[in-house]
>>> print(open('upload-v8.txt').read())   # compact mmCIF, C-alpha atoms
# COMPACT_ATOMS: atom_id res chain seq x y z
CA MET A 1 -11.72 124.54 -96.13
CA THR A 2 -12.65 124.47 -92.45
CA THR A 3 -13.54 121.50 -90.27
CA GLU A 4 -15.97 121.84 -87.38
CA ARG A 5 -14.30 121.01 -84.09
CA GLU A 6 -15.90 118.36 -81.93
CA ASP A 7 -16.93 119.41 -78.44
CA ARG A 8 -15.60 116.39 -76.61
CA PRO A 9 -16.05 116.17 -72.83
CA LEU A 10 -13.11 116.42 -70.45
CA ILE A 11 -12.34 112.86 -69.41
CA ILE A 12 -9.47 112.15 -67.02
CA ALA A 13 -8.70 108.56 -66.05
CA GLY A 14 -12.16 107.46 -67.19
CA THR A 15 -14.12 110.12 -65.27
CA GLU A 16 -15.99 112.87 -67.10
CA TYR A 17 -15.89 116.40 -65.70
CA GLN A 18 -18.18 119.31 -66.58
CA SER A 19 -15.78 122.02 -65.43
CA ARG A 20 -12.49 122.65 -67.22
CA LEU A 21 -11.20 124.88 -64.44
CA LEU A 22 -9.14 123.11 -61.78
CA VAL A 23 -8.16 125.05 -58.67
CA GLY A 24 -5.66 124.82 -55.87
CA SER A 25 -6.50 124.97 -52.18
CA GLY A 26 -3.59 126.93 -50.73
CA LYS A 27 -2.76 130.60 -50.11
CA TYR A 28 -6.28 131.66 -49.08
CA ARG A 29 -7.10 133.70 -45.97
CA ASP A 30 -8.81 130.74 -44.34
CA LEU A 31 -10.74 127.57 -45.15
CA GLU A 32 -14.00 129.45 -45.57
CA GLN A 33 -12.53 131.64 -48.29
CA THR A 34 -11.13 128.50 -49.90
CA ARG A 35 -14.63 127.07 -50.00
CA GLU A 36 -16.23 130.26 -51.34
CA ALA A 37 -13.68 130.64 -54.14
CA THR A 38 -13.96 126.98 -55.12
CA VAL A 39 -17.74 127.27 -55.35
CA ALA A 40 -17.47 130.49 -57.39
CA ALA A 41 -15.05 128.78 -59.78
CA ALA A 42 -17.50 125.87 -60.19
CA ALA A 43 -14.45 123.62 -59.97
CA GLU A 44 -14.82 119.88 -59.58
CA ILE A 45 -11.14 119.02 -59.13
CA VAL A 46 -9.21 120.62 -56.25
CA THR A 47 -5.48 120.12 -55.81
CA VAL A 48 -4.03 119.65 -52.34
CA ALA A 49 -0.36 120.02 -51.41
CA ILE A 50 0.01 117.06 -49.08
CA ARG A 51 3.04 118.60 -47.38
CA ARG A 52 1.23 121.87 -46.64
CA VAL A 53 -2.53 121.29 -46.33
CA ASN A 54 -4.19 119.09 -43.73
CA ILE A 55 -6.53 116.40 -45.07
CA GLY A 56 -6.23 114.17 -42.02
CA GLN A 57 -2.51 114.04 -41.34
CA ASP A 58 -3.18 116.09 -38.19
CA PRO A 59 -6.44 114.95 -36.56
CA ASN A 60 -6.29 117.86 -34.11
CA ALA A 61 -6.27 120.61 -36.78
CA PRO A 62 -8.99 121.83 -39.15
CA SER A 63 -9.11 119.76 -42.32
CA LEU A 64 -9.69 120.95 -45.88
CA LEU A 65 -12.11 118.04 -46.24
CA ASP A 66 -14.44 119.73 -43.75
CA VAL A 67 -15.21 122.47 -46.31
CA LEU A 68 -14.53 120.55 -49.55
CA PRO A 69 -15.93 117.07 -48.93
CA PRO A 70 -14.57 114.27 -51.15
CA ASP A 71 -18.09 113.14 -52.06
CA ARG A 72 -18.61 116.47 -53.87
CA TYR A 73 -15.09 117.20 -55.15
CA THR A 74 -12.27 115.20 -56.66
CA ILE A 75 -9.44 115.87 -54.22
CA LEU A 76 -6.22 115.76 -56.23
CA PRO A 77 -3.15 115.33 -54.00
CA ASN A 78 0.02 116.86 -55.38
CA THR A 79 3.69 116.74 -54.54
CA ALA A 80 4.39 120.48 -54.22
CA GLY A 81 7.63 120.92 -52.31
CA CYS A 82 9.25 117.72 -53.60
CA TYR A 83 12.63 117.97 -55.33
CA ASN A 84 13.34 114.34 -56.18
CA ALA A 85 11.44 111.29 -57.40
CA LYS A 86 11.77 109.35 -54.13
CA ASP A 87 10.08 112.05 -52.02
CA ALA A 88 7.34 112.55 -54.62
CA VAL A 89 6.50 108.85 -54.76
CA TYR A 90 6.42 108.56 -50.97
CA THR A 91 4.18 111.63 -50.65
CA LEU A 92 1.61 110.26 -53.08
CA GLN A 93 1.65 106.83 -51.46
CA LEU A 94 0.79 108.60 -48.17
CA ALA A 95 -1.98 110.54 -49.92
CA ARG A 96 -3.46 107.34 -51.26
CA GLU A 97 -3.75 106.01 -47.72
CA LEU A 98 -5.32 109.24 -46.43
CA LEU A 99 -7.90 109.29 -49.25
CA GLY A 100 -9.01 105.70 -48.98
CA GLY A 101 -7.06 104.30 -51.91
CA ARG A 102 -7.88 106.92 -54.56
CA LYS A 103 -5.48 106.65 -57.46
CA LEU A 104 -5.72 110.03 -59.21
CA VAL A 105 -2.75 112.22 -58.29
CA LYS A 106 -0.80 115.20 -59.55
CA LEU A 107 2.95 114.73 -59.81
CA GLU A 108 5.33 117.67 -59.68
CA VAL A 109 9.04 117.41 -59.00
CA LEU A 110 10.71 120.79 -58.75
CA GLY A 111 14.21 121.74 -59.85
CA ASP A 112 15.01 124.51 -57.38
CA GLU A 113 13.38 126.83 -54.87
CA ARG A 114 13.94 130.02 -56.89
CA THR A 115 12.22 129.11 -60.19
CA LEU A 116 10.10 126.11 -59.13
CA PHE A 117 10.73 124.87 -62.68
CA PRO A 118 10.12 121.15 -63.14
CA ASN A 119 13.04 118.78 -62.81
CA MET A 120 12.21 116.66 -65.82
CA PRO A 121 14.61 113.69 -65.29
CA GLU A 122 13.23 113.21 -61.76
CA THR A 123 9.67 113.78 -63.00
CA LEU A 124 10.05 111.06 -65.63
CA ALA A 125 11.52 108.64 -63.07
CA ALA A 126 8.72 109.31 -60.57
CA ALA A 127 6.06 108.97 -63.26
CA GLU A 128 7.37 105.54 -64.26
CA THR A 129 7.31 104.33 -60.65
CA LEU A 130 3.85 105.70 -59.92
CA VAL A 131 2.27 104.29 -63.09
CA ARG A 132 3.74 100.86 -62.30
CA ASP A 133 2.25 101.18 -58.80
CA GLY A 134 -1.24 101.69 -60.21
CA PHE A 135 -1.59 105.46 -59.88
CA ASP A 136 -3.42 107.63 -62.42
CA VAL A 137 -0.83 110.36 -62.86
CA MET A 138 -1.49 113.93 -63.96
CA VAL A 139 1.92 115.53 -64.36
CA TYR A 140 3.33 119.07 -64.17
CA CYS A 141 6.01 119.44 -66.81
CA SER A 142 8.01 121.86 -68.92
CA ASP A 143 6.55 123.09 -72.20
CA ASP A 144 8.85 120.73 -74.11
CA PRO A 145 6.74 118.71 -76.60
CA ILE A 146 9.26 115.85 -76.64
CA GLN A 147 9.20 115.32 -72.89
CA ALA A 148 5.43 115.80 -72.77
CA LYS A 149 5.12 112.96 -75.27
CA MET A 150 7.46 110.80 -73.19
CA LEU A 151 5.23 111.29 -70.15
CA GLU A 152 2.18 110.30 -72.18
CA GLU A 153 3.96 107.17 -73.42
CA ILE A 154 4.88 106.24 -69.84
CA GLY A 155 1.15 106.16 -69.12
CA CYS A 156 0.32 109.51 -67.53
CA VAL A 157 -3.39 110.34 -67.85
CA ALA A 158 -2.85 114.10 -68.41
CA VAL A 159 0.10 116.35 -69.12
CA MET A 160 0.22 119.79 -67.50
CA PRO A 161 2.82 122.08 -69.08
CA LEU A 162 3.58 125.36 -67.37
CA ALA A 163 2.54 128.62 -69.02
CA SER A 164 5.21 130.48 -67.03
CA LEU A 165 6.80 130.10 -63.61
CA ILE A 166 4.60 129.00 -60.71
CA GLY A 167 3.02 131.98 -58.98
CA SER A 168 4.52 134.48 -61.43
CA GLY A 169 1.26 135.62 -63.02
CA MET A 170 3.19 136.19 -66.27
CA GLY A 171 0.65 134.37 -68.43
CA ILE A 172 1.42 132.23 -71.46
CA LEU A 173 4.95 133.02 -72.61
CA ASN A 174 5.34 130.34 -75.28
CA PRO A 175 2.05 129.60 -77.05
CA TRP A 176 3.87 127.85 -79.89
CA ASN A 177 5.25 125.09 -77.67
CA LEU A 178 1.86 124.62 -76.05
CA SER A 179 0.30 124.30 -79.50
CA LEU A 180 2.81 121.59 -80.42
CA ILE A 181 2.02 119.65 -77.24
CA ILE A 182 -1.74 119.95 -77.85
CA GLU A 183 -1.42 118.90 -81.49
CA GLN A 184 0.33 115.63 -80.68
CA ALA A 185 -1.32 114.67 -77.39
CA LYS A 186 -3.79 111.81 -77.04
CA VAL A 187 -4.43 112.63 -73.36
CA PRO A 188 -5.81 115.87 -71.90
CA VAL A 189 -3.47 118.86 -71.88
CA LEU A 190 -4.04 121.34 -69.05
CA VAL A 191 -2.08 124.52 -68.55
CA ASP A 192 -0.53 124.56 -65.09
CA ALA A 193 1.27 127.53 -63.51
CA GLY A 194 1.73 131.14 -64.52
CA VAL A 195 -1.86 132.24 -65.17
CA GLY A 196 -2.37 135.74 -63.76
CA THR A 197 -5.79 136.90 -64.88
CA ALA A 198 -8.87 135.88 -66.84
CA SER A 199 -7.44 136.71 -70.27
CA ASP A 200 -4.57 134.26 -69.67
CA ALA A 201 -7.06 131.48 -68.99
CA ALA A 202 -9.06 132.38 -72.10
CA ILE A 203 -5.91 132.33 -74.28
CA ALA A 204 -4.97 128.88 -72.98
CA MET A 205 -8.39 127.56 -73.92
CA GLU A 206 -8.35 129.33 -77.31
CA LEU A 207 -5.13 127.45 -78.09
CA GLY A 208 -7.03 124.20 -77.59
CA CYS A 209 -6.06 123.23 -74.05
CA ASP A 210 -8.48 120.87 -72.36
CA GLY A 211 -8.42 122.80 -69.11
CA VAL A 212 -6.52 125.16 -66.83
CA LEU A 213 -5.24 124.70 -63.29
CA MET A 214 -4.57 127.72 -61.10
CA ASN A 215 -4.20 128.77 -57.49
CA SER A 216 -2.23 132.01 -57.01
CA ALA A 217 -4.16 133.92 -59.67
CA ILE A 218 -7.33 133.46 -57.63
CA ALA A 219 -6.01 133.35 -54.06
CA HIS A 220 -3.76 136.42 -54.47
CA ALA A 221 -6.39 138.57 -56.20
CA GLN A 222 -7.77 141.49 -54.24
CA ASP A 223 -11.16 139.77 -54.34
CA PRO A 224 -10.49 136.03 -54.69
CA VAL A 225 -14.14 134.99 -54.94
CA ARG A 226 -14.87 137.46 -57.73
CA MET A 227 -11.68 136.44 -59.54
CA ALA A 228 -12.70 132.78 -59.28
CA ARG A 229 -15.97 133.66 -60.99
CA ALA A 230 -14.07 135.58 -63.69
CA MET A 231 -11.78 132.61 -64.30
CA ARG A 232 -14.76 130.29 -64.67
CA LEU A 233 -16.27 132.54 -67.33
CA ALA A 234 -12.92 133.00 -69.09
CA VAL A 235 -12.36 129.26 -69.38
CA GLN A 236 -15.87 128.81 -70.76
CA ALA A 237 -15.42 131.69 -73.25
CA GLY A 238 -12.04 130.43 -74.39
CA ARG A 239 -13.44 126.97 -74.99
CA GLU A 240 -16.33 128.37 -77.02
CA ALA A 241 -13.93 130.49 -79.08
CA TRP A 242 -11.74 127.45 -79.84
CA LEU A 243 -14.78 125.42 -80.88
CA ALA A 244 -16.01 128.28 -83.07
CA GLY A 245 -12.67 128.66 -84.82
CA ARG A 246 -11.27 132.18 -85.05
CA MET A 247 -11.09 134.13 -88.30
CA PRO A 248 -7.72 133.94 -90.07
CA ARG A 249 -5.20 136.70 -89.45
CA LYS A 250 -4.62 138.86 -92.54
CA PHE A 251 -2.25 141.66 -93.42
CA ALA A 252 -4.93 143.63 -95.30
CA ALA A 253 -8.20 145.22 -94.29
CA SER A 254 -11.49 143.63 -95.30
CA PRO A 255 -14.79 145.56 -95.18
CA SER A 256 -17.37 144.29 -92.72
CA SER A 257 -20.18 144.88 -95.26
CA PRO A 258 -20.00 143.08 -98.63
CA MET A 259 -19.47 145.23 -101.72
CA ALA A 260 -21.43 142.97 -104.06
CA GLY A 261 -25.08 143.93 -104.50
CA ARG A 262 -24.72 147.36 -102.89
CA LEU A 263 -27.45 149.91 -103.60
CA ALA A 264 -25.20 152.78 -104.68
>>> encode(input="upload-v8.txt", output="structure tokens")
Amino acid sequence: MTTEREDRPLIIAGTEYQSRLLVGSGKYRDLEQTREATVAAAAEIVTVAIRRVNIGQDPNAPSLLDVLPPDRYTILPNTAGCYNAKDAVYTLQLARELLGGRKLVKLEVLGDERTLFPNMPETLAAAETLVRDGFDVMVYCSDDPIQAKMLEEIGCVAVMPLASLIGSGMGILNPWNLSLIIEQAKVPVLVDAGVGTASDAAIAMELGCDGVLMNSAIAHAQDPVRMARAMRLAVQAGREAWLAGRMPRKFAASPSSPMAGRLA
């Protein structure tokens, strides 16, 4: 017996979003290409590495906000480049000041420079501090369902398990863990890190993820704007496939045309 899946909107910290594709703002040729790719992706949420991208820290340099204005996009500051909870908390407190008190942030605390794998003890500590300080925390984490649940119980508004290492383009290496996280979560689950091409994004959505965040897969493509468009369509197709419910896998063939009532 099958149950029709409900097409619920993506709601993060009380705000509804039409697009389930979130994009980063780094690694592009220039700010104009950043803008063009973001438009092609039809993204509404754009992540910004506060330590690497200017959104007002340097008043004498071009600002990302000149091409992606905050009245049109949700600018999501993140803590890329932070390796401990103290630095991550400070970085997001600075971002809150730069963005006029906005509370929605993306937390990531990295373990080392080689793998960029999340340091989960420091991530949990930073999440607790930020939630107590009134932030709405979206959090990059390992694909461990136990720790993902702990982050949800702390009060994070979305959990963002990696598909594979940041910037690797290896795609989804452990769909089973992602499925466990999705099954138990009461907050949005968005794949973060490791997506390499459109089929990876579609698979994430077919598993039941609420959205996908990517940067390198678009920015490092030979044609970033075209890839952004492909990712938008892949996320939409994957969502439709999940809602439709795929046919069961079987170990035997089954004819496409029914045998009953055949003419000869």
>>> atom_distance(input="upload-v8.txt", atom1="atom CA of A:Pro145", atom2="atom CA of A:Pro188")
13.7 Å
>>> residues_near_point(input="upload-v8.txt", point="(-6.6, 110.3, -73.9)", cutoff="7 Å", atoms="all atoms listed in the file", output="PDB file with C-alpha atoms, in the coordinates of the input")
ATOM      1  CA  VAL A 157      -3.390 110.340 -67.850  1.00  0.00           C
ATOM      2  CA  LYS A 186      -3.790 111.810 -77.040  1.00  0.00           C
ATOM      3  CA  VAL A 187      -4.430 112.630 -73.360  1.00  0.00           C
ATOM      4  CA  PRO A 188      -5.810 115.870 -71.900  1.00  0.00           C
TER       5      PRO A 188
END
>>> atom_distance(input="upload-v8.txt", atom1="atom CA of A:Asn78", atom2="atom CA of A:Ala237")
27.9 Å
>>> atom_distance(input="upload-v8.txt", atom1="atom CA of A:Val39", atom2="atom CA of A:Asp210")
20.4 Å
>>> residues_around(input="upload-v8.txt", residues="A:Ile181", least_positions_apart="3", cutoff="8 Å", atoms="only C-alpha atoms", output="list in words")
Asp143, Asp144, Pro145, Ala148, Lys149, Asn177, Leu178, Gln184, Ala185 and Val189 of chain A
>>> build_atoms(input="upload-v8.txt", residues="stretch 246-257 of chain A", atoms="all heavy atoms", output="tab-separated table (two decimals), keeping the file's coordinate frame")
chain	number	residue	atom	x	y	z
A	246	ARG	N	-11.44	130.75	-84.81
A	246	ARG	CA	-11.27	132.18	-85.05
A	246	ARG	C	-11.07	132.47	-86.54
A	246	ARG	O	-10.65	131.61	-87.31
A	246	ARG	CB	-10.10	132.76	-84.25
A	246	ARG	CG	-8.73	132.19	-84.61
A	246	ARG	CD	-7.61	133.16	-84.22
A	246	ARG	NE	-7.65	134.35	-85.04
A	246	ARG	CZ	-7.41	135.57	-84.59
A	246	ARG	NH1	-7.11	135.77	-83.33
A	246	ARG	NH2	-7.46	136.62	-85.40
A	247	MET	N	-11.35	133.69	-86.93
A	247	MET	CA	-11.09	134.13	-88.30
A	247	MET	C	-9.59	134.13	-88.55
A	247	MET	O	-8.79	134.30	-87.62
A	247	MET	CB	-11.65	135.53	-88.54
A	247	MET	CG	-10.99	136.61	-87.73
A	247	MET	SD	-11.48	138.28	-88.24
A	247	MET	CE	-10.61	138.41	-89.80
A	248	PRO	N	-9.16	133.92	-89.79
A	248	PRO	CA	-7.72	133.94	-90.07
A	248	PRO	C	-7.15	135.34	-89.94
A	248	PRO	O	-7.84	136.33	-90.20
A	248	PRO	CB	-7.63	133.43	-91.51
A	248	PRO	CG	-8.97	133.73	-92.10
A	248	PRO	CD	-9.96	133.58	-90.98
A	249	ARG	N	-5.90	135.41	-89.49
A	249	ARG	CA	-5.20	136.70	-89.45
A	249	ARG	C	-4.79	137.09	-90.87
A	249	ARG	O	-4.31	136.26	-91.63
A	249	ARG	CB	-3.98	136.63	-88.56
A	249	ARG	CG	-4.30	136.46	-87.07
A	249	ARG	CD	-3.04	136.39	-86.24
A	249	ARG	NE	-3.31	136.43	-84.82
A	249	ARG	CZ	-3.54	135.36	-84.06
A	249	ARG	NH1	-3.52	134.15	-84.63
A	249	ARG	NH2	-3.78	135.47	-82.78
A	250	LYS	N	-4.97	138.37	-91.20
A	250	LYS	CA	-4.62	138.86	-92.54
A	250	LYS	C	-3.85	140.16	-92.41
A	250	LYS	O	-4.00	140.89	-91.44
A	250	LYS	CB	-5.89	139.07	-93.38
A	250	LYS	CG	-6.68	137.80	-93.64
A	250	LYS	CD	-7.89	138.05	-94.53
A	250	LYS	CE	-8.96	138.83	-93.79
A	250	LYS	NZ	-10.21	138.95	-94.59
A	251	PHE	N	-3.04	140.44	-93.43
A	251	PHE	CA	-2.25	141.66	-93.42
A	251	PHE	C	-2.95	142.80	-94.16
A	251	PHE	O	-2.37	143.85	-94.37
A	251	PHE	CB	-0.87	141.40	-94.04
A	251	PHE	CG	0.01	140.56	-93.18
A	251	PHE	CD1	0.18	139.21	-93.43
A	251	PHE	CD2	0.67	141.11	-92.08
A	251	PHE	CE1	0.99	138.43	-92.63
A	251	PHE	CE2	1.49	140.34	-91.28
A	251	PHE	CZ	1.66	139.00	-91.54
A	252	ALA	N	-4.18	142.60	-94.59
A	252	ALA	CA	-4.93	143.63	-95.30
A	252	ALA	C	-6.30	143.78	-94.68
A	252	ALA	O	-6.85	142.84	-94.10
A	252	ALA	CB	-5.06	143.27	-96.78
A	253	ALA	N	-6.87	144.99	-94.82
A	253	ALA	CA	-8.20	145.22	-94.29
A	253	ALA	C	-9.24	144.53	-95.16
A	253	ALA	O	-9.03	144.28	-96.34
A	253	ALA	CB	-8.48	146.72	-94.25
A	254	SER	N	-10.38	144.24	-94.57
A	254	SER	CA	-11.49	143.63	-95.30
A	254	SER	C	-12.77	144.26	-94.79
A	254	SER	O	-13.03	144.26	-93.58
A	254	SER	CB	-11.53	142.12	-95.07
A	254	SER	OG	-12.64	141.53	-95.71
A	255	PRO	N	-13.59	144.86	-95.66
A	255	PRO	CA	-14.79	145.56	-95.18
A	255	PRO	C	-15.77	144.61	-94.50
A	255	PRO	O	-15.95	143.47	-94.91
A	255	PRO	CB	-15.39	146.16	-96.46
A	255	PRO	CG	-14.85	145.32	-97.56
A	255	PRO	CD	-13.48	144.90	-97.13
A	256	SER	N	-16.40	145.12	-93.44
A	256	SER	CA	-17.37	144.29	-92.72
A	256	SER	C	-18.62	144.05	-93.55
A	256	SER	O	-19.25	143.00	-93.45
A	256	SER	CB	-17.77	144.99	-91.41
A	256	SER	OG	-16.65	145.15	-90.57
A	257	SER	N	-18.99	145.02	-94.40
A	257	SER	CA	-20.18	144.88	-95.26
A	257	SER	C	-19.73	144.48	-96.66
A	257	SER	O	-18.77	145.04	-97.19
A	257	SER	CB	-20.96	146.18	-95.32
A	257	SER	OG	-21.35	146.57	-94.04
